[in-house]
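Colleague: Please read through the structure below; I'll follow up with questions.
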Amino acid sequence: MLHRRERAESFIQRELTLLLRDRVRDPRVNALTVTGAELTQDRRLARIYVACYEGEEALQEGLIGLNSAQGLLRRELAQRLHWRFTPYLEFRPDRSWQYGEHMDRLFDQIAEERGAEEDVEPGESA
């Protein structure tokens with residue numbers, strides 16, 4: 001059953017991405033990217049993770065836009081899923097890219113510090 005749920009999550013993510021691009025006319029959601037979807041075991045709730053690479057303010061505005069478009073998204077999703085129940089869509093921010101960016105900066109900083117240490121000749125102090 002796990003494989004079946006993963007396929008459904010992937011399908012929901014793909015369909016919502018297309019719906020946001022093609023059907024939702026709210027300009028607040030244009031900057032958003034659907035990065036993931038998680039279904040509860042009973043498939044009544046879908047947690048939809050979205051990222052915005054234009055900043056926190058654009059992300060918050062986009063989440064407001066998504067919540068206002070939820071009726072349209074659920075209706076369109078229902079037509080594509082053909083399930084007895086269409087899951088309630090709960091939109092959540094995905095900030096994992098920010099964490100990855102932070103880790104990259106830390107690695108760059110470590111590399112710079114090691115490079116500076118290697119530039120110093122043995123016996124010399126920095």
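Chain labels follow the order of the structure tokens: the first chain is A, the next B, and so on; residue numbering restarts at 1 in every chain, and ligands are counted from 1 in their shown order.
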Need the shell around segment 24-39 of chain A: protein/DNA/RNA residues with any atom at most 7 Å away, counting only C-alpha atoms. Skip same-chain ones fewer than 3 positions apart. Format as a list in words?
Modeller: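 Close residues of segment 24-39 of chain A: Glu9, Ser10, Ile12, Gln13, Thr17, Leu19, Leu20, Arg21, Arg43, Leu45, Ala46, Arg47, Ile48, Tyr49, Val50, Ala51, Cys52, Glu61, Gly62, Gly65 and Leu66 of chain A.
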Colleague: What lies within 8 Å of Leu73 of chain A using only C-alpha atoms, ignoring chain neighbours under 3 positions off, as a count of residues only?
Modeller: 6
Colleague: What are the DSSP strand (DSSP E or B) residues of chain A, as a VMD selection string?
Modeller: chain A and resid 32 to 39 45 to 52 88 to 93
Colleague: Extract the full set of helix (DSSP H, G or I) residues from segment 1-95 of chain A according to DSSP on the backbone, and format it as a PyMOL selection string.
Modeller: chain A and resi 2-22+27-29+56-68+70-81
Colleague: What does the structure give for the distance between atom CA of Gly71 of chain A and atom CA of Phe85 of chain A, in Å to one decimal?
Modeller: 14.0 Å
Colleague: In Å, how far is it from atom CA of Asp42 of chain A to atom CA of Arg5 of chain A?
Modeller: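 According to the coordinates, atom CA of Asp42 of chain A and atom CA of Arg5 of chain A are separated by 9.9 Å.
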Colleague: Can you pull out every residue within 12 Å of segment 98-102 of chain A, counting only C-alpha atoms, but drop anything in the same chain fewer than 2 positions away, and send it as a VMD selection string?
Modeller: chain A and resid 51 to 56 93 to 96 104 to 109
Colleague: Store the residues picked out above, limited to C-alpha atoms, as a compact mmCIF listing (two decimals), in the first residue's frame.
Modeller:
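Listing of again_18.txt after writing:
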# COMPACT_ATOMS: atom_id res chain seq x y z
CA ALA A 51 8.65 26.84 -2.07
CA CYS A 52 9.22 30.37 -3.24
CA TYR A 53 12.66 31.49 -4.31
CA GLU A 54 11.72 35.18 -4.27
CA GLY A 55 11.68 35.63 -0.50
CA GLU A 56 9.56 35.09 2.58
CA PRO A 93 5.92 26.23 3.20
CA ASP A 94 8.97 24.22 2.14
CA ARG A 95 12.12 25.94 3.32
CA SER A 96 14.49 23.03 2.71
CA ASP A 104 26.58 25.47 1.09
CA ARG A 105 27.69 28.75 2.66
CA LEU A 106 29.11 26.88 5.65
CA PHE A 107 31.02 24.49 3.40
CA ASP A 108 32.38 27.41 1.38
CA GLN A 109 33.47 29.12 4.58
